[in-house]
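Peer 1: Starting off with a structure, shown below.
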Amino acid sequence: MNNWLNHQLQAIKLVLSRMHANSLSSSMISLVIGVAMCLPSLFYIGVDNLSKLTDHMQNETEISLFLKLDVSHDTISEIDALLAKKPEIKQYYLVTKDEAWQQLQAKSKSNPDVNDAVNQLGKNPLPDAFFIQAKSVEPDDLASLKTSLQSIPGVEQALLNTEWAKRLSTMISLSKKLIFFIAALLAIVLLVIIGNTVRMQILTQQDEIEVSYLIGATNSFIRTPFLYAGVFYGLFGGLFAVLMILGITLTFNYAIADLSSLYNSDFSLTIFNGSLFLTVVSTAVLIGWLGSYLAVTRAIASVIQLQKNH
Amino acid sequence: MIKFDQVTKRYPGSDEVLKNVSLHIEAGEFVFVTGNSGAGKSTLLKLIAATERPTSGTVLIANQNVSQLKASAIPFLRRRFGLIFQDHKLLYDRNCFENVILPLRINGVPGNEAAKRVRAALDKVGLLHKEKAMPITLSGGEQQRLAIARAVVSRPSILIADEPTGNLDANYAADIMAIFYAFNQVGVTVIMATHDALGMSATQNRVLHLNQGQLMQSSPSITGINQTASNSDVSTS
Ligand SMILES: Nc1ncnc2c1ncn2[C@@H]1O[C@H](COP(=O)(O)OP(=O)(O)OP(=O)(O)O)[C@@H](O)[C@H]1O
Ligand SMILES: [Mg+2]
């Protein structure tokens with residue numbers, strides 16, 4: 001046990017000093033791993049945050065009922081009365097075209113671009129609208145309520161706010177599958193890159209490996225330093241990736257903060273995602289280990305072959 | 001200690017390099033292996049060191065049959081030997097100290113203890129002051145001695161030297177022979193292949209003479225070889 005530990009420590013020391021001696025190529029390979037791990041992670045963070053947003057929206061069961069532009073006040077009161085009688089409706093309120101116009105003008109004051117656009121419109125283009133909260137949250141109930149509302153005379157369009165959110169969430173689940181494939185492809189690329197790096201190292205150490213075998217080294221003695229090399233590449237690469245992810249999400253959050261203030265929202269990307277970081281680093285380490293394991297197993301077999309043919 | 005019984009060795013695609021070799025080497029002996037180039041001296045040493053396996057016959061080392069050992073046990077058998085290769089096999093990418101410490105790393109000797117033993121070994125071959133030098137900057141004789149330091153640093157009970165005085169002039173060769181005699185004096189078994197009679201002519205050591213892979217009778221003054229060497233003599237100088 002003590003001997004085993006000693007062997008591991010020796011191997012780690014050896015590997016770290018070798019990596020230090022080749023610090024340029026070591027940091028290059030770590031950087032490559034970092035970037036490759038970073039890409040799917042950022043994609044994941046984006047999609048994950050989007051899906052949180054849509055989850056939130058899907059819980060809202062609001063139906064917007066836009067009326068025809070030329071409806072009379074009488075028609076509006078008729079519709080009002082009709083809505084009041086409907087048992088599926090929990091509550092509703094009316095925003096008249098004038099109120100909506102005022103709201104738009106008030107909001108646009110703070111933003112010169114929008115203000116220009118609104119002023120150019122000249123007259124009010126907005127319809128009267130009812131905003132309806134249904135009792136049920138079931139998609140089917142909502143859909144049938146929407147159809148019945150659509151058929152009321154004077155109604156231009158009934159909009160179920162969850163519809164686009166639903167479409168978005170299908171896209172999100174598709175994207176998640178896509179991320180999985182991208183990540184798997186990148187993992188294969190990394191395996192090849194790491195494997196190749198370790199193979200090159202083995203070639204430069206070929207003499208040492210050969211002599212070591214002749215004077216009684218075990219397979220594990222030969223193999224261990226290279227496995228640690230792979231593990232360290234993965235570890236440093238994974239940490240690189242975490243730093244890059246942090247940097248990029250932070251930068252994005254400033255931009256998003258500006259954007260979401262326009263939408264009266266306090267939405268921002270979740271910055272610190274511990275389990276994601278843990279996954280990134282441990283996956284990188286695992287890939288590093290596996291890449292070097294595959295390389296070392298094959299390369300050592302060929303070194304032994306070479307030694308035999310001497 | 002080392003026993004060959006009807007050993008034949010054939011490399012892939014080669015003829016028989018060793019034919020029906022039987023021999024017995026006792027602990028503490030100093031044995032020369034002679035023969036022309038290509039006679040099979042190196043091959044014989046490789047079979048003893050368990051870096052090659054016999055094609056047929058049995059090789060017994062400390063009562064272990066090399067052919068029957070599991071692959072995982074071979075490294076531990078090899079660690080009993082100190083090997084000096086015909087082509088040195090020094091590592092030219094590191095200094096003398098780092099070259100000599102390699103067997104200790106393999107044996108799992110911890111750092112401080114290892115450094116002490118490396119210096120002791122370098123001292124024994126007169127290279128302590130060259131600790132930090134790169135092998136390529138050493139003379140031929142110094143490189144030979146470095147190879148000896150690496151072979152003895154793990155304190156093996158058997159030294160196997162393949163033409164350690166190879167291309168050296170007489171002075172160097174005598175130096176190196178003296179080192180081997182000193183080790184033999186303290187009980188280390190020495191098996192040395194050599195091209196010519198240089199350095200061994202004056203000794204009473206047993207000589208295993210190979211002729212095209214066959215073990216011949218050794219010179220009359222010395223013990224017969226094909227019979228078991230019960231009366232083999234420990235070296236004197
Ligand atoms: N790995 C190998 N594969 C094929 N043939 C080999 C191999 N090693 C040695 N031989 C052959 O075996 C024969 C004996 O070789 P060996 O190296 O044992 O001779 P040697 O007595 O040590 O010669 P030298 O004095 O030149 O070192 C030679 O004919 C050589 O070509
Ligand atoms: Mg030879």
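Just remember, in the structure tokens the first chain shown is A, the second B, etc., residues are 1-based per chain, and ligands are 1-based in the order shown.
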Which residues are near ligand 1 in this structure, taking near to mean any atom at most 9 Å from a ligand atom and counting only C-alpha atoms and all ligand atoms? Format them as a PyMOL selection string.

Peer 2: (chain A and resi 307-310) or (chain B and resi 9-18+33-46+86+162-163+193-195+210-213)

Peer 1: Which residues come within 12 Å of Thr165 (chain B), counting only C-alpha atoms, excluding same-chain residues fewer than 4 positions away, as a PyMOL selection string?

Peer 2: chain B and resi 84-88+140-145+147-148+161+169-180+192-200

Peer 1: Which neighbours of Lys123 (chain A) fall inside 10 Å, counting only C-alpha atoms, when residues of the same chain fewer than 4 positions from it are skipped, and could you give them as a PyMOL selection string?

Peer 2: chain A and resi 101+118-119

Peer 1: Given a cut-off of 6 Å, which residues of chain A touch chain B, counting only C-alpha atoms, written out as a list in words?

Peer 2: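 In the required form, that comes to Ile215, Gly216, Ala217 and Thr218 of chain A.
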
Peer 1: What does the distance from CA of Ile209 (chain A) to CA of Val303 (chain A) come to in Å, to one decimal?

Peer 2: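 Computing it gives 7.8 Å between the two atoms.
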